[in-house]
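The structure file data.cif is reproduced below (mmCIF, C-alpha atoms and all ligand atoms).
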data_structure
loop_
_atom_site.label_atom_id
_atom_site.label_comp_id
_atom_site.auth_asym_id
_atom_site.auth_seq_id
_atom_site.Cartn_x
_atom_site.Cartn_y
_atom_site.Cartn_z
CA MET A 195 9.65 -5.59 25.01
CA SER A 196 12.05 -4.77 22.19
CA THR A 197 12.00 -1.33 20.63
CA LEU A 198 10.38 -2.63 17.47
CA ALA A 199 7.64 -4.36 19.45
CA GLU A 200 7.04 -1.16 21.41
CA HIS A 201 6.87 0.95 18.29
CA TYR A 202 4.54 -1.54 16.66
CA GLN A 203 2.17 -1.47 19.62
CA GLN A 204 2.26 2.33 19.66
CA VAL A 205 1.25 2.47 16.00
CA GLN A 206 -1.58 0.02 16.63
CA GLN A 207 -2.68 2.22 19.51
CA ARG A 208 -2.65 5.34 17.33
CA ILE A 209 -4.79 3.58 14.74
CA LYS A 210 -7.25 2.51 17.40
CA GLN A 211 -7.48 6.01 18.86
CA ALA A 212 -7.91 7.59 15.43
CA CYS A 213 -10.75 5.16 14.75
CA GLN A 214 -12.42 6.00 18.05
CA GLN A 215 -12.17 9.72 17.36
CA SER A 216 -13.83 9.39 13.99
CA GLN A 217 -16.31 6.76 15.17
CA ARG A 218 -14.96 4.10 12.90
CA ASP A 219 -14.61 0.39 13.56
CA PRO A 220 -10.88 -0.44 13.96
CA ALA A 221 -11.54 -3.60 11.97
CA GLU A 222 -12.08 -1.34 8.94
CA VAL A 223 -8.51 -0.03 9.00
CA GLU A 224 -5.63 -2.28 8.11
CA LEU A 225 -2.00 -1.64 8.92
CA LEU A 226 0.54 -2.19 6.16
CA ALA A 227 4.05 -2.35 7.66
CA VAL A 228 6.49 -0.77 5.21
CA SER A 229 9.74 -2.69 5.62
CA LYS A 230 11.70 -1.22 2.71
CA THR A 231 15.48 -1.13 3.33
CA LYS A 232 15.02 -3.13 6.56
CA PRO A 233 16.45 -6.65 7.00
CA ALA A 234 14.43 -9.87 6.99
CA SER A 235 15.14 -10.26 10.72
CA MET A 236 13.13 -7.10 11.46
CA VAL A 237 10.27 -8.23 9.25
CA GLU A 238 10.21 -11.50 11.16
CA GLU A 239 10.20 -9.68 14.50
CA CYS A 240 7.25 -7.61 13.36
CA TYR A 241 5.52 -10.77 12.12
CA GLN A 242 5.94 -12.25 15.60
CA GLN A 243 3.92 -9.28 16.88
CA GLY A 244 1.04 -10.48 14.73
CA GLN A 245 1.67 -8.37 11.60
CA ARG A 246 1.00 -10.13 8.29
CA GLN A 247 0.93 -7.39 5.60
CA PHE A 248 4.30 -5.97 4.53
CA GLY A 249 5.10 -3.29 1.96
CA GLU A 250 8.27 -3.08 -0.12
CA ASN A 251 9.44 -0.41 -2.59
CA TYR A 252 12.57 -1.83 -4.15
CA LEU A 253 12.53 -5.13 -6.02
CA GLN A 254 16.10 -6.16 -5.35
CA ASP A 255 15.71 -5.45 -1.63
CA ALA A 256 12.38 -7.32 -1.52
CA MET A 257 13.68 -10.30 -3.48
CA GLU A 258 16.22 -10.99 -0.77
CA LYS A 259 13.58 -11.01 1.95
CA ILE A 260 10.64 -12.80 0.34
CA PRO A 261 12.37 -16.17 -0.19
CA ALA A 262 14.10 -15.91 3.18
CA LEU A 263 10.74 -15.55 4.93
CA ALA A 264 8.75 -17.99 2.81
CA ASP A 265 8.10 -20.20 5.84
CA LEU A 266 6.07 -17.56 7.69
CA ALA A 267 2.46 -18.65 7.27
CA ASN A 268 0.07 -16.19 5.65
CA ILE A 269 2.61 -13.43 5.20
CA GLN A 270 1.47 -11.06 2.44
CA TRP A 271 3.76 -8.89 0.34
CA HIS A 272 2.65 -5.60 -1.19
CA PHE A 273 4.74 -3.86 -3.83
CA ILE A 274 4.31 -0.13 -3.20
CA GLY A 275 7.13 1.38 -5.27
CA PRO A 276 7.19 2.69 -8.83
CA LEU A 277 7.06 -0.22 -11.31
CA GLN A 278 8.71 -0.15 -14.73
CA SER A 279 7.31 -2.42 -17.41
CA ASN A 280 10.52 -4.48 -17.65
CA LYS A 281 10.23 -5.37 -13.95
CA THR A 282 6.65 -6.64 -13.89
CA ARG A 283 7.48 -10.34 -13.84
CA ALA A 284 9.10 -10.27 -10.41
CA VAL A 285 6.01 -8.56 -8.99
CA ALA A 286 3.58 -10.91 -10.77
CA GLU A 287 5.43 -13.96 -9.49
CA ASN A 288 6.28 -12.94 -5.93
CA PHE A 289 3.80 -10.42 -4.54
CA ASP A 290 0.21 -10.58 -3.36
CA TRP A 291 -0.59 -6.90 -3.96
CA LEU A 292 0.54 -4.01 -6.14
CA ALA A 293 -0.38 -0.54 -4.83
CA THR A 294 0.97 1.60 -7.65
CA LEU A 295 -0.78 0.58 -10.85
CA GLU A 296 -1.11 3.51 -13.25
CA ARG A 297 -0.72 2.14 -16.77
CA GLU A 298 -2.79 -0.19 -18.89
CA LYS A 299 0.30 -1.72 -20.46
CA ILE A 300 1.65 -2.71 -17.04
CA ALA A 301 -1.73 -4.11 -16.03
CA ARG A 302 -1.78 -6.38 -19.11
CA ARG A 303 1.76 -7.60 -18.56
CA LEU A 304 1.12 -8.37 -14.89
CA SER A 305 -2.01 -10.32 -15.74
CA GLU A 306 -0.19 -12.37 -18.40
CA GLN A 307 2.75 -13.04 -16.11
CA ARG A 308 0.73 -13.99 -13.04
CA PRO A 309 1.35 -17.72 -12.42
CA SER A 310 -1.82 -19.72 -12.94
CA GLY A 311 -1.41 -21.51 -9.61
CA LYS A 312 -1.69 -18.25 -7.68
CA ALA A 313 -4.74 -16.19 -6.84
CA PRO A 314 -5.05 -13.07 -9.02
CA LEU A 315 -2.75 -10.20 -8.01
CA ASN A 316 -4.64 -7.62 -5.94
CA VAL A 317 -4.12 -4.15 -7.38
CA LEU A 318 -4.71 -0.56 -6.35
CA ILE A 319 -4.78 2.29 -8.84
CA GLN A 320 -2.40 5.03 -7.76
CA VAL A 321 -4.00 8.45 -8.05
CA ASN A 322 -2.03 11.68 -8.48
CA ILE A 323 -4.33 13.54 -6.12
CA SER A 324 -2.13 16.62 -5.78
CA GLY A 325 -1.78 17.11 -9.52
CA GLU A 326 1.96 17.69 -9.17
CA ALA A 327 3.63 17.39 -12.56
CA GLN A 328 6.37 14.94 -11.58
CA LYS A 329 4.16 12.76 -9.38
CA SER A 330 3.20 9.17 -10.22
CA GLY A 331 -0.41 8.15 -10.51
CA VAL A 332 -3.35 8.66 -12.83
CA GLU A 333 -5.42 11.81 -12.89
CA PRO A 334 -8.78 11.41 -11.18
CA GLY A 335 -10.55 11.55 -14.56
CA ALA A 336 -8.63 8.49 -15.78
CA ILE A 337 -9.52 6.13 -12.93
CA ALA A 338 -12.71 4.72 -14.45
CA ALA A 339 -11.10 3.73 -17.77
CA LEU A 340 -8.15 1.97 -16.12
CA ALA A 341 -10.52 0.23 -13.70
CA SER A 342 -12.52 -1.17 -16.63
CA VAL A 343 -9.37 -2.57 -18.21
CA ILE A 344 -8.26 -4.19 -14.95
CA GLU A 345 -11.67 -5.81 -14.47
CA GLN A 346 -11.25 -7.66 -17.76
CA LEU A 347 -7.86 -9.13 -16.88
CA PRO A 348 -8.01 -12.63 -15.35
CA GLY A 349 -4.70 -12.29 -13.49
CA LEU A 350 -5.69 -9.16 -11.58
CA THR A 351 -8.30 -8.21 -8.98
CA LEU A 352 -9.11 -4.54 -8.60
CA ARG A 353 -9.19 -3.70 -4.88
CA GLY A 354 -9.18 0.10 -4.76
CA LEU A 355 -7.14 3.28 -4.78
CA MET A 356 -3.88 4.53 -3.31
CA CYS A 357 -2.30 7.97 -3.07
CA ILE A 358 0.77 9.78 -1.82
CA PRO A 359 -0.44 13.32 -1.16
CA GLU A 360 1.61 16.45 -1.66
CA ALA A 361 4.00 16.89 1.27
CA THR A 362 2.78 19.94 3.15
CA ASP A 363 2.56 21.36 6.67
CA ASP A 364 -0.84 22.78 5.83
CA GLU A 365 -3.21 20.37 7.52
CA SER A 366 -6.33 21.59 5.74
CA HIS A 367 -4.62 21.14 2.36
CA LEU A 368 -3.64 17.60 3.31
CA ARG A 369 -7.12 16.85 4.60
CA GLY A 370 -8.60 18.15 1.36
CA GLN A 371 -6.53 15.69 -0.67
CA PHE A 372 -7.61 12.77 1.53
CA ARG A 373 -11.22 13.88 1.32
CA GLN A 374 -11.05 14.03 -2.46
CA MET A 375 -9.63 10.49 -2.51
CA LYS A 376 -12.54 9.24 -0.41
CA LEU A 377 -15.01 10.70 -2.91
CA LEU A 378 -13.19 9.03 -5.80
CA PHE A 379 -13.10 5.78 -3.86
CA ASP A 380 -16.84 5.84 -3.18
CA GLU A 381 -17.49 6.55 -6.85
CA LEU A 382 -15.31 3.62 -7.91
CA ALA A 383 -16.96 1.31 -5.37
CA GLN A 384 -20.35 2.15 -6.83
CA GLN A 385 -19.23 0.90 -10.23
CA HIS A 386 -17.23 -2.01 -8.80
CA PRO A 387 -18.86 -3.19 -5.56
CA HIS A 388 -16.04 -5.56 -4.56
CA VAL A 389 -13.60 -2.63 -4.28
CA ASP A 390 -12.73 -2.32 -0.58
CA THR A 391 -9.34 -0.65 -0.12
CA LEU A 392 -8.46 3.03 0.18
CA SER A 393 -4.74 3.17 0.95
CA MET A 394 -3.59 6.52 2.34
CA GLY A 395 -1.82 7.80 5.43
CA MET A 396 1.79 7.28 6.51
CA SER A 397 3.73 7.76 9.76
CA GLY A 398 3.17 11.51 9.91
CA ASP A 399 -0.47 11.71 8.89
CA LEU A 400 -2.23 8.43 9.66
CA GLU A 401 -4.75 10.10 12.02
CA LEU A 402 -5.88 12.54 9.36
CA ALA A 403 -6.12 9.82 6.72
CA ILE A 404 -8.23 7.61 9.00
CA ALA A 405 -10.51 10.53 9.85
CA GLU A 406 -11.09 10.99 6.11
CA GLY A 407 -11.82 7.35 5.38
CA ALA A 408 -8.60 5.39 4.80
CA THR A 409 -9.04 1.62 5.05
CA GLN A 410 -5.30 0.98 4.95
CA VAL A 411 -2.42 3.03 6.33
CA ARG A 412 1.18 2.41 5.23
CA ILE A 413 3.63 2.84 8.08
CA GLY A 414 7.42 2.55 7.82
CA THR A 415 9.41 4.94 9.99
CA ASP A 416 7.25 4.77 13.10
CA ILE A 417 7.54 0.98 13.23
CA PHE A 418 11.02 0.23 11.91
CA GLY A 419 12.83 3.52 12.56
CA ALA A 420 14.50 5.84 10.04
CA ARG A 421 15.30 4.30 6.69
CA ASN A 422 18.66 2.70 6.00
CA SER A 423 20.40 4.54 3.20
CA THR A 424 21.49 1.30 1.56
CA GLY A 425 18.16 0.72 -0.13
CA THR A 426 18.77 0.30 -3.81
CA THR A 427 16.43 1.84 -6.32
CA LEU A 428 16.44 -1.07 -8.74
C1 LIG B 501 8.08 4.63 2.41
C2 LIG B 501 6.64 4.64 2.08
C3 LIG B 501 5.67 4.65 3.09
C4 LIG B 501 6.00 4.71 4.58
O1 LIG B 501 6.33 6.02 4.93
P1 LIG B 501 6.70 6.40 6.45
O2 LIG B 501 6.60 7.88 6.44
O3 LIG B 501 8.06 5.90 6.69
O4 LIG B 501 5.69 5.78 7.34
C5 LIG B 501 4.34 4.59 2.71
N1 LIG B 501 3.98 4.55 1.41
C6 LIG B 501 4.88 4.56 0.41
C7 LIG B 501 4.42 4.50 -0.99
C8 LIG B 501 6.23 4.62 0.72
O5 LIG B 501 7.12 4.62 -0.29
#
If you took the structure in this file and wrote it as structure tokens, what would it be?
Amino acid sequence: MSTLAEHYQQVQQRIKQACQQSQRDPAEVELLAVSKTKPASMVEECYQQGQRQFGENYLQDAMEKIPALADLANIQWHFIGPLQSNKTRAVAENFDWLATLEREKIARRLSEQRPSGKAPLNVLIQVNISGEAQKSGVEPGAIAALASVIEQLPGLTLRGLMCIPEATDDESHLRGQFRQMKLLFDELAQQHPHVDTLSMGMSGDLELAIAEGATQVRIGTDIFGARNSTGTTL
């Protein structure tokens, strides 16, 4: 087996074990492979392992890969980077998911720009769960209002919440942030029963996130290796 295939299987194994330990059905936890800065050839290799969901952070980087891999059946692209309002069209036209929605204005633009021949764009509201000043995401108190706006937009489908917790070595602090997200997610799902995705957990903390209720983990480094420094920030 190639290194990538080995790493991929190891990550799948970790997810399975984490599910067993918290008595969760592995079918409830989806793996999003974060391929940012990695070439199309590696995405294709991962696809050959059975992976279908891929996450990208940088539009320019992604827009080289998406057309190159258009022949891969059922591949799904998730935009998981910060999105400026002048860059919404590329996401509306080329992606299946957006994980970082935090502004009403962006939601409206995406809905208008979504091509009518495509299914609505699946969106997650990014939550600033750590309350750090410079961090992206809405405050927990603003989730409900943004969710109501999204629900009225024909080009979007609200699927759930996403967070990037505060980087910390303090496991209980990290766990607390994940736990808070799960409460917010359950609250949102009560108002909007079709909401089904709680995206949290990365290479270093996927076990903790799954124990606290993640339904999607976003894994880059532990599948594809350390990031290439050539990733542009466009
Ligand atoms: C890069 C990135 C990831 C993957 O992180 P790893 O630690 O490499 O697994 C997940 N989510 C977001 C939003 C990212 O930007």
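In terms of minimum interatomic distance to ligand LIG 501 (chain B), A:Phe273 ranks closest within A:Phe289, A:Tyr241, A:Phe273, A:Tyr202, counting only C-alpha atoms and all ligand atoms.
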### Task
Grab me every residue within 10 Å of ligand LIG 501 (chain B), counting all atoms listed in the file, and send it over as a count of residues only.
39
### Message
Report, in Å to a single decimal, how far apart atom CA of A:Asp219 and atom CA of A:Glu401 are.
### Response
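These two atoms are separated by 13.9 Å.
Taking all atoms listed in the file into account, the protein, DNA and RNA residues within 10 Å of (-15.8, -2.5, -9.6) read Ala338, Ala341, Ser342, Ile344, Glu345, Thr351, Leu352, Arg353, Gly354, Glu381, Leu382, Ala383, Gln384, Gln385, His386, Pro387, His388, Val389 and Asp390 of chain A.
Using only C-alpha atoms, the contacts of A:Ala361 at a cut-off of 10 Å, with sequence neighbours closer than 4 positions omitted, comprise Ser324, His367 and Leu368 of chain A.
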Hey, can you spit out that residue selection with C-alpha atoms as a PDB file, in the frame of the given file?
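The resulting file, selection.pdb, is shown below:
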ATOM      1  CA  SER A 324      -2.130  16.620  -5.780  1.00  0.00           C
ATOM      2  CA  HIS A 367      -4.620  21.140   2.360  1.00  0.00           C
ATOM      3  CA  LEU A 368      -3.640  17.600   3.310  1.00  0.00           C
TER       4      LEU A 368
END
### Query
What is the distance, in Å and to one decimal place, between atom CA of A:Glu333 and atom CA of A:Gln346?
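Those two atoms sit 20.9 Å apart.
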Just want the 9 Å neighbourhood of A:Ala284, counted on all atoms listed in the file, with same-chain residues fewer than 3 positions away dropped. Output as a tab-separated table (two decimals) with C-alpha atoms, keeping the file's coordinate frame.
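Written out: out-v3.tsv:
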chain	number	residue	atom	x	y	z
A	253	LEU	CA	12.53	-5.13	-6.02
A	257	MET	CA	13.68	-10.30	-3.48
A	281	LYS	CA	10.23	-5.37	-13.95
A	287	GLU	CA	5.43	-13.96	-9.49
A	288	ASN	CA	6.28	-12.94	-5.93
A	289	PHE	CA	3.80	-10.42	-4.54
A	307	GLN	CA	2.75	-13.04	-16.11
### Message
If I take atom CA of A:Ile260 and atom CA of A:Pro359, how far is one from the other in Å, to one decimal?
### Response
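Answer for the atom CA of A:Ile260 to atom CA of A:Pro359 separation: 28.4 Å.
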